[in-house]
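With compact mmCIF, C-alpha atoms inside, this is work_14.txt:
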```txt
# COMPACT_ATOMS: atom_id res chain seq x y z
CA MET A 749 0.00 0.00 0.00
CA ILE A 750 1.30 3.45 -0.91
CA ALA A 751 1.64 5.83 2.02
CA LYS A 752 -0.88 8.64 1.87
CA ASP A 753 1.79 11.34 2.05
CA THR A 754 3.66 9.88 -0.94
CA ILE A 755 0.69 9.86 -3.33
CA PRO A 756 1.43 12.49 -5.98
CA ARG A 757 -1.13 15.27 -6.09
CA PRO A 758 -2.29 16.66 -9.42
CA GLY A 759 -1.19 20.21 -10.04
CA ALA A 760 -3.30 23.15 -11.18
CA PRO A 761 -0.81 25.67 -12.63
CA ALA A 762 -3.45 28.19 -13.73
CA LEU A 763 -5.07 28.21 -10.29
CA GLU A 764 -1.70 28.52 -8.58
CA LYS A 765 -0.82 31.45 -10.85
CA GLY A 766 -4.07 33.21 -10.00
CA LEU A 767 -3.60 32.69 -6.28
CA ASP A 768 -0.02 33.99 -6.53
CA LEU A 769 -1.34 37.20 -8.11
CA ILE A 770 -4.02 37.67 -5.46
CA GLU A 771 -1.57 37.08 -2.62
CA ALA A 772 0.95 39.50 -4.13
CA LEU A 773 -1.68 42.24 -4.36
CA ALA A 774 -2.96 41.48 -0.85
CA ALA A 775 0.52 42.07 0.57
CA GLU A 776 0.63 45.64 -0.79
CA SER A 777 -1.18 48.68 0.59
CA ARG A 778 -0.85 50.43 -2.78
CA GLY A 779 -1.49 49.34 -6.34
CA LEU A 780 1.06 47.46 -8.43
CA SER A 781 1.86 47.64 -12.13
CA GLN A 782 1.98 44.51 -14.26
CA THR A 783 5.77 44.61 -14.18
CA GLN A 784 5.85 44.88 -10.38
CA ILE A 785 3.37 42.02 -9.99
CA ALA A 786 5.39 39.85 -12.38
CA GLU A 787 8.54 40.50 -10.34
CA ARG A 788 6.82 39.57 -7.07
CA VAL A 789 5.45 36.27 -8.34
CA GLY A 790 8.54 35.37 -10.37
CA ARG A 791 6.81 35.26 -13.75
CA SER A 792 6.93 37.24 -16.97
CA VAL A 793 4.47 40.01 -17.82
CA SER A 794 3.12 37.92 -20.70
CA GLU A 795 2.40 35.03 -18.30
CA ILE A 796 0.25 37.12 -15.98
CA PHE A 797 -1.42 39.38 -18.57
CA ARG A 798 -4.40 37.12 -19.31
CA MET A 799 -4.79 36.09 -15.68
CA LEU A 800 -5.04 39.72 -14.55
CA GLY A 801 -7.64 40.30 -17.25
CA VAL A 802 -9.77 37.45 -15.95
CA LEU A 803 -9.43 38.58 -12.33
CA GLU A 804 -10.45 42.11 -13.36
CA GLU A 805 -13.42 40.84 -15.36
CA ARG A 806 -14.61 38.74 -12.41
CA GLY A 807 -14.30 41.71 -10.05
CA TYR A 808 -11.42 40.48 -7.89
CA VAL A 809 -9.01 43.22 -8.96
CA SER A 810 -9.43 46.70 -10.36
CA ARG A 811 -7.12 48.61 -12.68
CA ASP A 812 -6.54 52.34 -12.36
CA ALA A 813 -7.30 53.93 -15.72
CA ILE A 814 -4.57 56.57 -15.25
CA THR A 815 -1.67 54.72 -13.61
CA GLY A 816 -2.48 51.24 -14.89
CA GLU A 817 -1.88 49.84 -11.40
CA TYR A 818 -3.88 46.91 -10.06
CA THR A 819 -5.43 46.64 -6.61
CA LEU A 820 -7.60 44.05 -4.89
CA THR A 821 -11.30 44.79 -4.55
CA LEU A 822 -13.52 43.65 -1.66
CA GLN A 823 -14.81 40.72 -3.69
CA LEU A 824 -12.97 38.15 -1.58
CA PHE A 825 -14.33 39.73 1.59
CA ARG A 826 -17.87 39.69 0.20
CA ILE A 827 -17.54 35.99 -0.58
CA ALA A 828 -16.19 35.25 2.90
CA ALA A 829 -19.05 37.24 4.43
CA GLN A 830 -21.54 34.95 2.66
CA PHE A 831 -20.08 31.93 4.48
CA PRO A 832 -22.82 30.90 6.97
CA PRO A 833 -20.76 31.14 10.22
CA THR A 834 -19.65 34.67 9.32
CA LYS A 835 -23.18 35.79 8.48
CA ARG A 836 -24.47 34.27 11.71
CA LEU A 837 -21.79 36.06 13.70
CA GLN A 838 -22.57 39.38 12.02
CA ARG A 839 -26.31 39.03 12.67
CA ALA A 840 -25.63 38.27 16.34
CA ALA A 841 -23.13 41.09 16.75
CA LEU A 842 -24.62 44.12 15.03
CA PRO A 843 -27.47 44.87 17.51
CA ALA A 844 -25.10 44.67 20.49
CA MET A 845 -22.51 46.76 18.64
CA GLU A 846 -25.11 49.45 17.93
CA ILE A 847 -25.95 49.68 21.64
CA LEU A 848 -22.25 49.74 22.53
CA THR A 849 -21.52 52.70 20.23
CA SER A 850 -24.52 54.51 21.70
CA GLN A 851 -23.27 53.97 25.24
CA THR A 852 -19.61 54.84 24.64
CA ARG A 853 -20.01 57.33 21.77
CA LEU A 854 -17.06 55.50 20.20
CA SER A 855 -16.74 53.21 17.21
CA CYS A 856 -16.35 49.46 17.64
CA HIS A 857 -15.45 46.58 15.38
CA LEU A 858 -15.53 42.79 15.33
CA THR A 859 -12.54 40.78 14.13
CA VAL A 860 -11.88 37.11 13.38
CA LEU A 861 -8.75 35.10 12.72
CA ASN A 862 -7.78 34.81 9.07
CA ASN A 863 -4.94 32.27 8.82
CA GLN A 864 -1.98 34.07 10.42
CA GLN A 865 -3.73 37.46 10.40
CA PHE A 866 -7.03 38.87 11.59
CA MET A 867 -9.81 40.59 9.66
CA VAL A 868 -12.55 43.11 10.45
CA VAL A 869 -15.93 41.48 9.66
CA ALA A 870 -18.27 44.03 11.28
CA GLN A 871 -17.89 47.70 12.15
CA MET A 872 -20.09 50.35 13.77
CA ASP A 873 -19.68 54.12 14.15
CA PRO A 874 -21.63 56.46 16.48
CA GLU A 875 -23.85 58.92 14.64
CA TRP A 876 -23.03 62.10 16.51
CA GLN A 877 -19.28 62.19 16.94
CA MET A 878 -16.09 62.09 14.94
CA GLY A 879 -13.73 59.34 16.01
CA TRP A 880 -11.13 56.77 15.11
CA SER A 881 -12.34 53.62 13.36
CA VAL A 882 -11.12 50.82 11.10
CA ARG A 883 -12.32 49.84 7.64
CA LEU A 884 -14.65 46.90 7.16
CA GLY A 885 -12.69 44.08 5.54
CA ALA A 886 -9.31 45.40 6.71
CA ILE A 887 -6.68 42.76 7.48
CA PHE A 888 -3.96 43.16 10.12
CA PRO A 889 -0.97 41.06 11.26
CA LEU A 890 -0.93 39.17 14.53
CA THR A 891 1.18 41.30 16.86
CA LEU A 892 1.15 42.40 20.49
CA GLU A 893 0.60 45.93 19.20
CA TYR A 894 -3.07 45.15 18.54
CA ALA A 895 -5.56 44.41 21.31
CA SER A 896 -7.69 42.34 18.93
CA ALA A 897 -4.72 40.16 18.03
CA LYS A 898 -3.92 39.50 21.68
CA VAL A 899 -7.51 38.58 22.52
CA LEU A 900 -8.01 36.35 19.47
CA THR A 901 -4.78 34.50 20.29
CA ALA A 902 -5.12 34.33 24.08
CA PHE A 903 -8.56 32.71 24.14
CA GLN A 904 -7.80 29.69 21.96
CA LEU A 905 -7.38 26.06 22.85
CA GLU A 906 -3.85 25.27 24.03
CA ASN A 907 -2.28 23.98 20.80
CA ARG A 908 -3.78 26.73 18.67
CA ARG A 909 -2.71 29.39 21.18
CA ALA A 910 0.88 28.12 21.06
CA GLU A 911 0.83 28.13 17.26
CA LEU A 912 -0.45 31.71 17.05
CA ALA A 913 1.91 32.86 19.80
CA ALA A 914 4.80 31.67 17.64
CA VAL A 915 3.43 33.75 14.75
CA ILE A 916 3.34 36.84 16.99
CA ALA A 917 6.86 36.14 18.26
CA ARG A 918 8.21 36.00 14.71
CA HIS A 919 6.44 39.22 13.75
CA ASP A 920 7.46 41.11 16.89
CA ARG A 921 10.93 39.55 17.01
CA CYS A 922 10.65 38.56 20.63
CA PRO A 923 10.80 35.27 22.57
CA VAL A 924 7.68 33.11 22.50
CA LYS A 925 7.74 32.95 26.31
CA ASN A 926 7.29 36.74 26.42
CA VAL A 927 4.29 36.50 24.15
CA LEU A 928 2.74 33.72 26.22
CA ALA A 929 3.28 35.73 29.40
CA GLU A 930 1.43 38.70 27.90
CA LEU A 931 -1.38 36.43 26.69
CA SER A 932 -1.73 34.99 30.20
CA LYS A 933 -2.38 38.50 31.51
CA VAL A 934 -5.09 38.97 28.89
CA VAL A 935 -6.76 35.71 29.92
CA ALA A 936 -6.60 36.64 33.60
CA ARG A 937 -8.39 39.94 32.93
CA GLY A 938 -10.90 38.46 30.51
CA GLY A 939 -9.76 40.79 27.75
CA ASP A 940 -7.26 43.50 26.90
CA PHE A 941 -7.82 46.95 28.41
CA PRO A 942 -5.71 50.13 28.61
CA LYS A 943 -4.16 50.91 31.95
CA GLU A 944 -5.74 53.80 33.85
CA GLY A 945 -3.99 57.13 33.44
CA GLN A 946 -1.90 56.10 30.43
CA ALA A 947 -0.25 58.85 28.42
CA PRO A 948 -2.04 60.11 25.28
CA ARG A 949 -2.01 57.64 22.40
CA LEU A 950 -4.19 55.38 20.33
CA ARG A 951 -5.47 52.64 22.61
CA ALA A 952 -8.10 49.94 22.46
CA PHE A 953 -10.37 47.88 24.69
CA SER A 954 -11.01 44.33 23.48
CA CYS A 955 -13.08 41.36 24.70
CA PRO A 956 -13.47 37.83 23.34
CA VAL A 957 -16.65 36.45 21.79
CA PHE A 958 -16.88 32.75 22.62
CA GLU A 959 -18.40 29.75 20.90
CA THR A 960 -19.50 26.49 22.53
CA SER A 961 -15.99 24.98 22.81
CA GLY A 962 -14.87 27.91 24.95
CA ARG A 963 -12.52 29.35 22.36
CA ALA A 964 -12.78 32.88 21.00
CA ILE A 965 -14.33 33.02 17.54
CA ALA A 966 -14.06 36.81 17.46
CA ALA A 967 -12.82 39.86 19.33
CA LEU A 968 -15.04 42.87 19.96
CA THR A 969 -12.89 46.00 20.14
CA VAL A 970 -13.39 49.68 20.95
CA PRO A 971 -10.49 51.84 19.69
CA LEU A 972 -10.05 55.43 20.77
CA MET A 973 -7.62 58.32 20.58
CA ARG A 974 -7.20 60.67 23.51
CA GLN A 975 -5.16 63.85 23.61
CA GLU A 976 -5.26 63.78 27.39
CA LYS A 977 -4.84 61.02 29.93
CA MET A 978 -7.82 58.75 30.31
CA GLN A 979 -9.72 59.03 33.56
CA ALA A 980 -10.30 55.86 35.56
CA ALA A 981 -14.09 56.31 35.57
CA GLU A 982 -14.24 56.55 31.76
CA ALA A 983 -12.05 53.49 31.30
CA THR A 984 -14.18 51.48 33.73
CA GLU A 985 -17.41 52.47 31.96
CA ILE A 986 -16.11 51.51 28.53
CA GLU A 987 -14.80 48.20 29.84
CA GLU A 988 -18.10 47.29 31.51
CA ASN A 989 -20.17 48.16 28.45
CA LEU A 990 -17.79 46.22 26.22
CA ARG A 991 -17.89 43.13 28.45
CA THR A 992 -21.70 43.20 28.39
CA ALA A 993 -21.84 43.50 24.59
CA ALA A 994 -19.31 40.67 24.09
CA ARG A 995 -21.26 38.44 26.48
CA GLN A 996 -24.52 39.14 24.64
CA ILE A 997 -22.98 38.23 21.29
CA SER A 998 -21.48 35.05 22.77
CA GLU A 999 -24.89 34.01 24.08
CA LYS A 1000 -26.49 34.60 20.68
CA VAL A 1001 -23.96 32.40 18.88
CA GLY A 1002 -24.54 29.62 21.37
CA ALA A 1003 -21.73 29.90 23.91
CA VAL A 1004 -22.55 28.55 27.36
CA GLY A 1005 -21.35 29.95 30.68
CA THR A 1006 -20.17 33.32 29.32
```
As structure tokens, what does this structure read like?
Amino acid sequence: MIAKDTIPRPGAPALEKGLDLIEALAAESRGLSQTQIAERVGRSVSEIFRMLGVLEERGYVSRDAITGEYTLTLQLFRIAAQFPPTKRLQRAALPAMEILTSQTRLSCHLTVLNNQQFMVVAQMDPEWQMGWSVRLGAIFPLTLEYASAKVLTAFQLENRRAELAAVIARHDRCPVKNVLAELSKVVARGGDFPKEGQAPRLRAFSCPVFETSGRAIAALTVPLMRQEKMQAAEATEIEENLRTAARQISEKVGAVGT
């Protein structure tokens, strides 16, 4: 009997080429020309010309009429959002998020793990106030710099937590043990919250949304920018409202004991 791992798998060169193009564009915050894309995927311009045309026709990439540069559209995000678990999570989250923005007068967003990154799948802004918010569909790296990343990683089952902690350690160029120590603090507090009286900067409050296994399927986060130090009473109020909203979403998606 042939071992399963030694059975040759059929290739799909055209599919691989298309995925290479999508991944190259996803790694860039700005558009890329055909020549730049070809360099990044290690192919000639003639090899990728037709593939880019198909991706543009299907709505996965767009081409700037003036610069000729290609960028990804939100088509991939729209497809992911149609996946039943994501739609169910969004339906459960949006009412609680609306109440949260009303209470805090701050924006909030919901993120989920996306391979070795995390993605914003729902976002809510208050109606009456300018503020700091993130774009729906935005993708960020796993790093200790982001409260959402810490929460999504900290509240996983043991093996998955260790795997994601290693990703963070590589990104932040720090020992894994340091990452795990920080994640333990997040677990102990039930989320990630700014310290009272911190100096002015962009900061965020983040709580896990749980599913039935007890792992976090999402992180609910309230980002804010303050020019002055945050008062303890304000921080406590935001934290309490956020915890309540995260618990309500967890209950709607079927988590027990949250």
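Among the candidates A:Ser794, A:Thr849, A:Thr783, A:Gln996, the residue lying nearest to Pro971 (chain A) is A:Thr849 (atoms considered: all atoms listed in the file).
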Exercise for review: Within 9 Å of (-12.5, 40.4, -4.4) (coordinates as in the file), grab all the protein and nucleic acid residues, counting all atoms listed in the file, and write them out as a VMD selection string.
Suggested key: chain A and resid 770 803 806 to 809 820 to 827
Convert the current residue selection to file output with C-alpha atoms, as a short mmCIF file (atom, residue, chain, number, x, y, z; two decimals), keeping the file's coordinate frame.
```cif
data_model
loop_
_atom_site.label_atom_id
_atom_site.label_comp_id
_atom_site.auth_asym_id
_atom_site.auth_seq_id
_atom_site.Cartn_x
_atom_site.Cartn_y
_atom_site.Cartn_z
CA ILE A 770 -4.02 37.67 -5.46
CA LEU A 803 -9.43 38.58 -12.33
CA ARG A 806 -14.61 38.74 -12.41
CA GLY A 807 -14.30 41.71 -10.05
CA TYR A 808 -11.42 40.48 -7.89
CA VAL A 809 -9.01 43.22 -8.96
CA LEU A 820 -7.60 44.05 -4.89
CA THR A 821 -11.30 44.79 -4.55
CA LEU A 822 -13.52 43.65 -1.66
CA GLN A 823 -14.81 40.72 -3.69
CA LEU A 824 -12.97 38.15 -1.58
CA PHE A 825 -14.33 39.73 1.59
CA ARG A 826 -17.87 39.69 0.20
CA ILE A 827 -17.54 35.99 -0.58
#
```
Practice item. Determine the nearest neighbour of Leu931 (chain A) from the options A:Lys898, A:Lys835, A:Arg963, A:Arg918, counting only C-alpha atoms. Key: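 That would be A:Lys898, the residue with the smallest distance to Leu931 (chain A).
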Exercise for review: Write out as a PyMOL selection string each polymer residue whose atoms come within 12 Å of Ala952 (chain A), counting all atoms listed in the file; drop sequence neighbours fewer than 4 positions from it.
Suggested key: chain A and resi 854-857+880-882+893-899+939-943+946+967-974+978+983+986-987+990
Write a file of the selected residues as a compact mmCIF listing (two decimals), in the coordinates of the input, keeping C-alpha atoms.
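Listing of selection-v4.txt after writing:
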```txt
# COMPACT_ATOMS: atom_id res chain seq x y z
CA LEU A 854 -17.06 55.50 20.20
CA SER A 855 -16.74 53.21 17.21
CA CYS A 856 -16.35 49.46 17.64
CA HIS A 857 -15.45 46.58 15.38
CA TRP A 880 -11.13 56.77 15.11
CA SER A 881 -12.34 53.62 13.36
CA VAL A 882 -11.12 50.82 11.10
CA GLU A 893 0.60 45.93 19.20
CA TYR A 894 -3.07 45.15 18.54
CA ALA A 895 -5.56 44.41 21.31
CA SER A 896 -7.69 42.34 18.93
CA ALA A 897 -4.72 40.16 18.03
CA LYS A 898 -3.92 39.50 21.68
CA VAL A 899 -7.51 38.58 22.52
CA GLY A 939 -9.76 40.79 27.75
CA ASP A 940 -7.26 43.50 26.90
CA PHE A 941 -7.82 46.95 28.41
CA PRO A 942 -5.71 50.13 28.61
CA LYS A 943 -4.16 50.91 31.95
CA GLN A 946 -1.90 56.10 30.43
CA ALA A 967 -12.82 39.86 19.33
CA LEU A 968 -15.04 42.87 19.96
CA THR A 969 -12.89 46.00 20.14
CA VAL A 970 -13.39 49.68 20.95
CA PRO A 971 -10.49 51.84 19.69
CA LEU A 972 -10.05 55.43 20.77
CA MET A 973 -7.62 58.32 20.58
CA ARG A 974 -7.20 60.67 23.51
CA MET A 978 -7.82 58.75 30.31
CA ALA A 983 -12.05 53.49 31.30
CA ILE A 986 -16.11 51.51 28.53
CA GLU A 987 -14.80 48.20 29.84
CA LEU A 990 -17.79 46.22 26.22
```
Exercise for review: Mind listing whatever residues come within 12 Å of the point (-15.0, 28.7, 24.4)? Use all atoms listed in the file, file coordinates, and give them as a list in words.
Suggested key: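 Here is the list of nearby residues: Leu900, Ala902, Phe903, Gln904, Leu905, Glu906, Pro956, Val957, Phe958, Glu959, Thr960, Ser961, Gly962, Arg963, Ala964, Ile965, Ala966, Arg995, Ser998, Glu999, Val1001, Gly1002, Ala1003, Val1004, Gly1005 and Thr1006 of chain A.
Residue nearest Val802 (chain A) within the list A:Gly766, A:Pro923, A:Pro833, A:Pro889: A:Gly766 [criterion: smallest interatomic distance, only C-alpha atoms].
When CA of Gly790 (chain A) is paired with CA of Thr815 (chain A), their separation reads 22.1 Å.
Distances from A:Val924, A:Cys955, A:Ala840, A:Ala813 to Glu988 (chain A) were compared using all atoms listed in the file, and the smallest one belongs to A:Cys955.
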Review point. Of the residues A:Arg921, A:Ala762, A:Ala774, A:Thr901, which is the one nearest to Val935 (chain A), using only C-alpha atoms?
Key: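 Using only C-alpha atoms, the shortest distance to Val935 (chain A) belongs to A:Thr901.
Coordinates place CA of Ile916 (chain A) at a distance of 18.3 Å from CA of Val868 (chain A).
Computed from the coordinates, the CA of Glu875 (chain A) to CA of Leu861 (chain A) distance equals 28.3 Å.
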Review point. Which residue, A:Ala760, A:Leu800, A:Val793, A:Ile847, has the smallest gap to Ala993 (chain A) when you use all atoms listed in the file?
Key: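 Nearest to Ala993 (chain A): A:Ile847.
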Output region 832-843 of chain A as a JSON list (two decimals), keeping the file's coordinate frame, making sure all heavy atoms are there.
```json
[["chain", "number", "residue", "atom", "x", "y", "z"],
["A", 832, "PRO", "N", -21.81, 30.89, 5.90],
["A", 832, "PRO", "CA", -22.82, 30.90, 6.97],
["A", 832, "PRO", "C", -22.32, 31.28, 8.36],
["A", 832, "PRO", "O", -22.95, 32.10, 9.02],
["A", 832, "PRO", "CB", -23.38, 29.47, 6.93],
["A", 832, "PRO", "CG", -23.25, 29.09, 5.49],
["A", 832, "PRO", "CD", -21.96, 29.72, 5.02],
["A", 833, "PRO", "N", -21.19, 30.73, 8.87],
["A", 833, "PRO", "CA", -20.76, 31.14, 10.22],
["A", 833, "PRO", "C", -20.49, 32.63, 10.34],
["A", 833, "PRO", "O", -20.78, 33.24, 11.36],
["A", 833, "PRO", "CB", -19.48, 30.32, 10.43],
["A", 833, "PRO", "CG", -19.64, 29.13, 9.54],
["A", 833, "PRO", "CD", -20.34, 29.65, 8.33],
["A", 834, "THR", "N", -19.93, 33.23, 9.28],
["A", 834, "THR", "CA", -19.65, 34.67, 9.32],
["A", 834, "THR", "C", -20.94, 35.47, 9.34],
["A", 834, "THR", "O", -21.09, 36.43, 10.11],
["A", 834, "THR", "CB", -18.80, 35.08, 8.09],
["A", 834, "THR", "OG1", -17.58, 34.32, 8.09],
["A", 834, "THR", "CG2", -18.46, 36.56, 8.15],
["A", 835, "LYS", "N", -21.91, 35.08, 8.52],
["A", 835, "LYS", "CA", -23.18, 35.79, 8.48],
["A", 835, "LYS", "C", -23.91, 35.66, 9.83],
["A", 835, "LYS", "O", -24.50, 36.61, 10.33],
["A", 835, "LYS", "CB", -24.05, 35.23, 7.36],
["A", 835, "LYS", "CG", -23.52, 35.52, 5.97],
["A", 835, "LYS", "CD", -24.46, 35.05, 4.89],
["A", 835, "LYS", "CE", -25.71, 35.91, 4.83],
["A", 835, "LYS", "NZ", -26.57, 35.57, 3.68],
["A", 836, "ARG", "N", -23.83, 34.48, 10.41],
["A", 836, "ARG", "CA", -24.47, 34.27, 11.71],
["A", 836, "ARG", "C", -23.83, 35.14, 12.78],
["A", 836, "ARG", "O", -24.51, 35.75, 13.61],
["A", 836, "ARG", "CB", -24.36, 32.79, 12.08],
["A", 836, "ARG", "CG", -24.99, 32.44, 13.43],
["A", 836, "ARG", "CD", -24.79, 30.97, 13.72],
["A", 836, "ARG", "NE", -25.25, 30.64, 15.06],
["A", 836, "ARG", "CZ", -24.70, 29.72, 15.83],
["A", 836, "ARG", "NH1", -23.68, 29.02, 15.38],
["A", 836, "ARG", "NH2", -25.17, 29.47, 17.03],
["A", 837, "LEU", "N", -22.51, 35.23, 12.74],
["A", 837, "LEU", "CA", -21.79, 36.06, 13.70],
["A", 837, "LEU", "C", -22.15, 37.53, 13.52],
["A", 837, "LEU", "O", -22.38, 38.26, 14.50],
["A", 837, "LEU", "CB", -20.29, 35.85, 13.53],
["A", 837, "LEU", "CG", -19.36, 36.64, 14.46],
["A", 837, "LEU", "CD1", -19.64, 36.33, 15.91],
["A", 837, "LEU", "CD2", -17.90, 36.34, 14.11],
["A", 838, "GLN", "N", -22.22, 37.99, 12.28],
["A", 838, "GLN", "CA", -22.57, 39.38, 12.02],
["A", 838, "GLN", "C", -23.98, 39.70, 12.51],
["A", 838, "GLN", "O", -24.21, 40.74, 13.12],
["A", 838, "GLN", "CB", -22.45, 39.68, 10.52],
["A", 838, "GLN", "CG", -21.01, 39.70, 10.02],
["A", 838, "GLN", "CD", -20.94, 39.74, 8.51],
["A", 838, "GLN", "OE1", -21.78, 39.17, 7.81],
["A", 838, "GLN", "NE2", -19.93, 40.42, 7.98],
["A", 839, "ARG", "N", -24.93, 38.80, 12.23],
["A", 839, "ARG", "CA", -26.31, 39.03, 12.67],
["A", 839, "ARG", "C", -26.39, 39.11, 14.19],
["A", 839, "ARG", "O", -27.13, 39.92, 14.75],
["A", 839, "ARG", "CB", -27.22, 37.92, 12.16],
["A", 839, "ARG", "CG", -27.56, 38.00, 10.68],
["A", 839, "ARG", "CD", -28.76, 37.13, 10.37],
["A", 839, "ARG", "NE", -28.52, 35.72, 10.68],
["A", 839, "ARG", "CZ", -28.05, 34.83, 9.83],
["A", 839, "ARG", "NH1", -27.74, 35.20, 8.59],
["A", 839, "ARG", "NH2", -27.87, 33.57, 10.19],
["A", 840, "ALA", "N", -25.62, 38.27, 14.87],
["A", 840, "ALA", "CA", -25.63, 38.27, 16.34],
["A", 840, "ALA", "C", -24.96, 39.52, 16.90],
["A", 840, "ALA", "O", -25.37, 40.04, 17.94],
["A", 840, "ALA", "CB", -24.92, 37.02, 16.85],
["A", 841, "ALA", "N", -23.95, 40.02, 16.20],
["A", 841, "ALA", "CA", -23.13, 41.09, 16.75],
["A", 841, "ALA", "C", -23.68, 42.49, 16.53],
["A", 841, "ALA", "O", -23.57, 43.35, 17.42],
["A", 841, "ALA", "CB", -21.72, 41.01, 16.16],
["A", 842, "LEU", "N", -24.28, 42.75, 15.39],
["A", 842, "LEU", "CA", -24.62, 44.12, 15.03],
["A", 842, "LEU", "C", -25.56, 44.82, 16.02],
["A", 842, "LEU", "O", -25.34, 45.99, 16.36],
["A", 842, "LEU", "CB", -25.18, 44.17, 13.61],
["A", 842, "LEU", "CG", -24.13, 43.92, 12.52],
["A", 842, "LEU", "CD1", -24.79, 43.85, 11.14],
["A", 842, "LEU", "CD2", -23.05, 44.99, 12.53],
["A", 843, "PRO", "N", -26.62, 44.17, 16.53],
["A", 843, "PRO", "CA", -27.47, 44.87, 17.51],
["A", 843, "PRO", "C", -26.71, 45.26, 18.77],
["A", 843, "PRO", "O", -26.87, 46.38, 19.28],
["A", 843, "PRO", "CB", -28.56, 43.83, 17.81],
["A", 843, "PRO", "CG", -28.62, 42.96, 16.60],
["A", 843, "PRO", "CD", -27.19, 42.86, 16.14]]
```
